[in-house]
Amino acid sequence: MECKLVPSVCSYCGTGCGVLFEVINGKIVSTLPMKTHPVNEGKLCIKGWNLHEHVNSFMRLKQPLVKTFGRFIKTDWDEAIQLTADRFREIIEKYGPDSIGVLVSAKITNEENYLAQKFARAAIGTNNVDHCARL
Amino acid sequence: MNNKVKAWLEDGTIDVFLGYKEVDHHPLPYCFTKERLDEVDDLLLSPARYSLEKIATHMTDEEPDIKIGMLARDCNSRALNVLYLWNQLNPDNVRTVNVNCCPSRLKEHGDCSYLEPETVGAYKRRVGVDNNLALKDVEAYDETERLDRWMYEFQKCIKCYGCRNICPVCFCKECSLEHDELVRTGPLLPDVPVFHMVRAVHMAGRCIDCGLCEAACPMDIPLRLLYQKVNQIVMDLFDYKTGTSVEQPPFSILGDTVTLEPKPIEPLKVINNE
């Protein structure tokens, strides 16, 4: 029997509530609020309480899908990234870099947000960066 | 305490021990095992309470024969008693280390400080129900006022289901609060006060008054008072004290035998219409 209680941060919104995942035999069985966390002080909303359900959901996408002839076909990451890069290059060459925008998210970390805007400005060459909290 | 736990783990009295340990500067529930015996030295009595017995129930779901040791304050012990009665845990598979309780009206000196609710604001005191009041003080309000005050509290609910999720004695696979005919999926506010009443009815003879629901409620609804009331009714009718009585509670799963007899009912007073 392996039972771990793993502290984490809720990934649903930008508030950043402390949660505790109850992991039994490698499977997350429940989510608890962290009592001593300064942000939520032992309370959670309904989304936070059900974090483990979207991890365990059978509908969860576990590998990239590429839309080919109107249908989603499973593929690997290398191919998916290559395909995205090729299409980005095509679009940039045809319509210019400002035809692309990057929407970042409150659900990802500060560092990931930084990388996303860096990608937009340095790799694509546009200032079209916006954030889900402004939608 | 640490040596006792170590000895238990070593001689196989228990397979795992549920206690608290400081992880990332937070006192968190931790599962100690025989393989990592040295960690038992870090065993804590945390001021923050988590429902260890609920974790134990989840572990038993996975491995029914696992022997679990755990720290037990008074509230944990009462919850364990209820879980034994409802066949969720086997008393032969659980060993407890009893530790000091939370400071409260019942016990002034304790290690845990999360039971007493914070002081409430002026507006809530005026129109709502003060979480710090005793049951008899709330019942002292006249009927209309009492209803208004409770409805104010209930309409704050954001339907997070936290009260049910954190409850150590809530274990049903199918929950009435997710039954479409009682509580519909989607609408907010929840059907006030049906949501709270459904839960209150199910807490009769089950609630062990640990206060975790109230501590987890983002809207500070005085849930403890509500469940104290339903338990009071069970006490008055059946002489049943939840958490300490060893009999099956009066509300039982279909098919289980109930041995409790209602207390003799006092003869009704004849009302003279004249």
# chains A, B, ... in the order shown; residues from 1 in each chain; ligands from 1

call {"tool": "interface_residues", "arguments": {"of": "chain A", "to": "chain B", "cutoff": "12 Å", "atoms": "only C-alpha atoms", "output": "VMD selection string"}}
result
chain A and resid 1 to 8 18 to 38 40 to 50

call {"tool": "select_by_dssp", "arguments": {"residues": "segment 43-74 of chain B", "states": "strand (DSSP E)", "output": "PyMOL selection string"}}
result
chain B and resi 68-72

call {"tool": "select_by_dssp", "arguments": {"residues": "segment 45-134 of chain A", "states": "helix (DSSP H, G or I)", "output": "JSON, numbers by chain"}}
result
{"A": [46, 47, 48, 49, 51, 52, 53, 54, 55, 56, 77, 78, 79, 80, 81, 82, 83, 84, 85, 86, 87, 88, 89, 90, 91, 92, 93, 94, 95, 97, 98, 99, 110, 111, 112, 113, 114, 115, 116, 117, 118, 119, 120, 121, 122, 123, 124, 132, 133, 134]}

call {"tool": "write_last_selection", "arguments": {"atoms": "N, CA and C atoms", "output": "short mmCIF file (atom, residue, chain, number, x, y, z; two decimals), in the first residue's frame"}}
result
data_model
loop_
_atom_site.label_atom_id
_atom_site.label_comp_id
_atom_site.auth_asym_id
_atom_site.auth_seq_id
_atom_site.Cartn_x
_atom_site.Cartn_y
_atom_site.Cartn_z
N ILE A 46 -16.26 24.50 -5.83
CA ILE A 46 -16.62 23.19 -6.35
C ILE A 46 -15.61 22.67 -7.38
N LYS A 47 -14.98 23.59 -8.11
CA LYS A 47 -14.01 23.13 -9.12
C LYS A 47 -12.78 22.55 -8.46
N GLY A 48 -12.30 23.25 -7.42
CA GLY A 48 -11.14 22.75 -6.69
C GLY A 48 -11.38 21.40 -6.06
N TRP A 49 -12.59 21.22 -5.50
CA TRP A 49 -12.92 19.97 -4.83
C TRP A 49 -12.88 18.78 -5.79
N LEU A 51 -10.87 18.44 -8.57
CA LEU A 51 -9.67 18.42 -9.42
C LEU A 51 -9.30 17.01 -9.86
N HIS A 52 -9.42 16.05 -8.92
CA HIS A 52 -8.98 14.69 -9.24
C HIS A 52 -9.82 14.06 -10.34
N GLU A 53 -11.06 14.58 -10.51
CA GLU A 53 -11.93 13.96 -11.52
C GLU A 53 -11.43 14.22 -12.93
N HIS A 54 -10.86 15.41 -13.17
CA HIS A 54 -10.40 15.62 -14.54
C HIS A 54 -9.06 14.95 -14.80
N VAL A 55 -8.35 14.63 -13.73
CA VAL A 55 -7.11 13.86 -13.94
C VAL A 55 -7.46 12.42 -14.33
N ASN A 56 -8.48 11.88 -13.64
CA ASN A 56 -8.84 10.48 -13.86
C ASN A 56 -9.85 10.28 -14.98
N TRP A 77 4.00 13.48 -30.22
CA TRP A 77 4.30 14.89 -30.00
C TRP A 77 5.19 15.46 -31.08
N ASP A 78 6.21 14.68 -31.50
CA ASP A 78 7.16 15.19 -32.50
C ASP A 78 6.43 15.61 -33.77
N GLU A 79 5.55 14.72 -34.21
CA GLU A 79 4.84 15.01 -35.45
C GLU A 79 3.90 16.21 -35.28
N ALA A 80 3.22 16.24 -34.14
CA ALA A 80 2.27 17.32 -33.90
C ALA A 80 2.98 18.66 -33.86
N ILE A 81 4.14 18.71 -33.18
CA ILE A 81 4.87 19.97 -33.07
C ILE A 81 5.42 20.39 -34.43
N GLN A 82 5.93 19.42 -35.18
CA GLN A 82 6.46 19.71 -36.50
C GLN A 82 5.37 20.29 -37.41
N LEU A 83 4.21 19.66 -37.35
CA LEU A 83 3.09 20.09 -38.18
C LEU A 83 2.66 21.51 -37.84
N THR A 84 2.60 21.79 -36.52
CA THR A 84 2.21 23.13 -36.06
C THR A 84 3.25 24.15 -36.53
N ALA A 85 4.52 23.80 -36.39
CA ALA A 85 5.58 24.73 -36.79
C ALA A 85 5.51 25.01 -38.28
N ASP A 86 5.29 23.97 -39.08
CA ASP A 86 5.20 24.16 -40.54
C ASP A 86 4.05 25.09 -40.91
N ARG A 87 2.90 24.87 -40.27
CA ARG A 87 1.73 25.69 -40.58
C ARG A 87 1.95 27.14 -40.14
N PHE A 88 2.56 27.32 -38.95
CA PHE A 88 2.89 28.67 -38.48
C PHE A 88 3.76 29.38 -39.51
N ARG A 89 4.81 28.67 -40.00
CA ARG A 89 5.74 29.28 -40.96
C ARG A 89 4.98 29.69 -42.22
N GLU A 90 4.13 28.79 -42.72
CA GLU A 90 3.32 29.09 -43.91
C GLU A 90 2.51 30.37 -43.72
N ILE A 91 1.80 30.41 -42.56
CA ILE A 91 0.90 31.55 -42.30
C ILE A 91 1.71 32.84 -42.19
N ILE A 92 2.86 32.76 -41.46
CA ILE A 92 3.69 33.97 -41.29
C ILE A 92 4.21 34.46 -42.64
N GLU A 93 4.65 33.52 -43.50
CA GLU A 93 5.17 33.93 -44.80
C GLU A 93 4.08 34.56 -45.66
N LYS A 94 2.87 34.04 -45.55
CA LYS A 94 1.80 34.50 -46.42
C LYS A 94 1.17 35.79 -45.90
N TYR A 95 0.86 35.86 -44.58
CA TYR A 95 0.10 37.00 -44.05
C TYR A 95 0.91 37.87 -43.10
N PRO A 97 3.71 38.17 -39.50
CA PRO A 97 3.67 37.66 -38.12
C PRO A 97 2.47 38.17 -37.32
N ASP A 98 1.93 39.37 -37.66
CA ASP A 98 0.82 39.88 -36.87
C ASP A 98 -0.49 39.15 -37.13
N SER A 99 -0.46 38.21 -38.03
CA SER A 99 -1.67 37.41 -38.24
C SER A 99 -1.81 36.33 -37.17
N ASN A 110 3.52 31.33 -13.77
CA ASN A 110 4.16 32.57 -14.17
C ASN A 110 5.24 32.33 -15.21
N GLU A 111 6.05 31.29 -14.97
CA GLU A 111 7.17 30.99 -15.84
C GLU A 111 6.69 30.54 -17.22
N GLU A 112 5.61 29.75 -17.21
CA GLU A 112 5.06 29.31 -18.50
C GLU A 112 4.47 30.48 -19.27
N ASN A 113 3.82 31.41 -18.55
CA ASN A 113 3.29 32.62 -19.19
C ASN A 113 4.43 33.43 -19.80
N TYR A 114 5.55 33.52 -19.04
CA TYR A 114 6.70 34.26 -19.55
C TYR A 114 7.21 33.63 -20.84
N LEU A 115 7.33 32.29 -20.82
CA LEU A 115 7.82 31.59 -22.01
C LEU A 115 6.89 31.81 -23.20
N ALA A 116 5.57 31.83 -22.91
CA ALA A 116 4.62 31.99 -24.01
C ALA A 116 4.76 33.36 -24.68
N GLN A 117 4.91 34.43 -23.85
CA GLN A 117 5.06 35.76 -24.46
C GLN A 117 6.40 35.88 -25.17
N LYS A 118 7.42 35.21 -24.61
CA LYS A 118 8.74 35.20 -25.25
C LYS A 118 8.66 34.52 -26.62
N PHE A 119 7.90 33.44 -26.65
CA PHE A 119 7.69 32.71 -27.90
C PHE A 119 7.00 33.62 -28.92
N ALA A 120 5.96 34.35 -28.45
CA ALA A 120 5.23 35.23 -29.36
C ALA A 120 6.14 36.32 -29.91
N ARG A 121 6.92 36.94 -29.02
CA ARG A 121 7.71 38.10 -29.45
C ARG A 121 8.97 37.68 -30.20
N ALA A 122 9.68 36.65 -29.67
CA ALA A 122 10.98 36.31 -30.27
C ALA A 122 10.84 35.32 -31.41
N ALA A 123 10.03 34.29 -31.26
CA ALA A 123 9.96 33.27 -32.30
C ALA A 123 9.00 33.66 -33.42
N ILE A 124 7.82 34.20 -33.05
CA ILE A 124 6.85 34.54 -34.09
C ILE A 124 7.05 35.97 -34.57
N CYS A 132 -6.21 35.32 -20.56
CA CYS A 132 -7.60 34.89 -20.39
C CYS A 132 -8.34 35.71 -19.34
N ALA A 133 -7.61 36.28 -18.39
CA ALA A 133 -8.25 37.06 -17.35
C ALA A 133 -8.85 38.35 -17.89
N ARG A 134 -8.51 38.72 -19.13
CA ARG A 134 -9.05 39.96 -19.71
C ARG A 134 -10.21 39.69 -20.66
#

call {"tool": "residues_around", "arguments": {"residues": "Tyr227 of chain B", "least_positions_apart": "2", "cutoff": "8 Å", "atoms": "only C-alpha atoms", "output": "list in words"}}
result
Ala200, Met203, Ala204, Cys207, Asp209, Leu223, Arg224, Leu225, Lys229, Val230 and Asn231 of chain B

call {"tool": "atom_distance", "arguments": {"atom1": "atom CA of Ala122 of chain B", "atom2": "atom CA of Arg199 of chain B"}}
result
28.1 Å

call {"tool": "residues_around", "arguments": {"residues": "His179 of chain B", "least_positions_apart": "5", "cutoff": "12 Å", "atoms": "only C-alpha atoms", "output": "list of chain:residue names"}}
result
B:Lys173, B:Glu174, B:Arg184, B:Thr185, B:Val194, B:Phe195, B:Val198, B:Arg199

call {"tool": "closest_residue", "arguments": {"among": "B:Val138, B:Leu226, B:Met1, B:Met151", "to": "Leu44 of chain B", "atoms": "only C-alpha atoms"}}
result
B:Met1

call {"tool": "closest_residue", "arguments": {"among": "B:Arg164, B:Arg78, B:Lys6, B:Lys263", "to": "Ile208 of chain B", "atoms": "only C-alpha atoms"}}
result
B:Arg78

call {"tool": "closest_residue", "arguments": {"among": "B:Gly205, B:Glu22, B:Pro222, B:Cys172", "to": "Tyr240 of chain B", "atoms": "only C-alpha atoms"}}
result
B:Gly205

call {"tool": "closest_residue", "arguments": {"among": "B:Gly121, B:Pro193, B:Gly243, B:Gly186", "to": "Cys210 of chain B", "atoms": "only C-alpha atoms"}}
result
B:Gly243
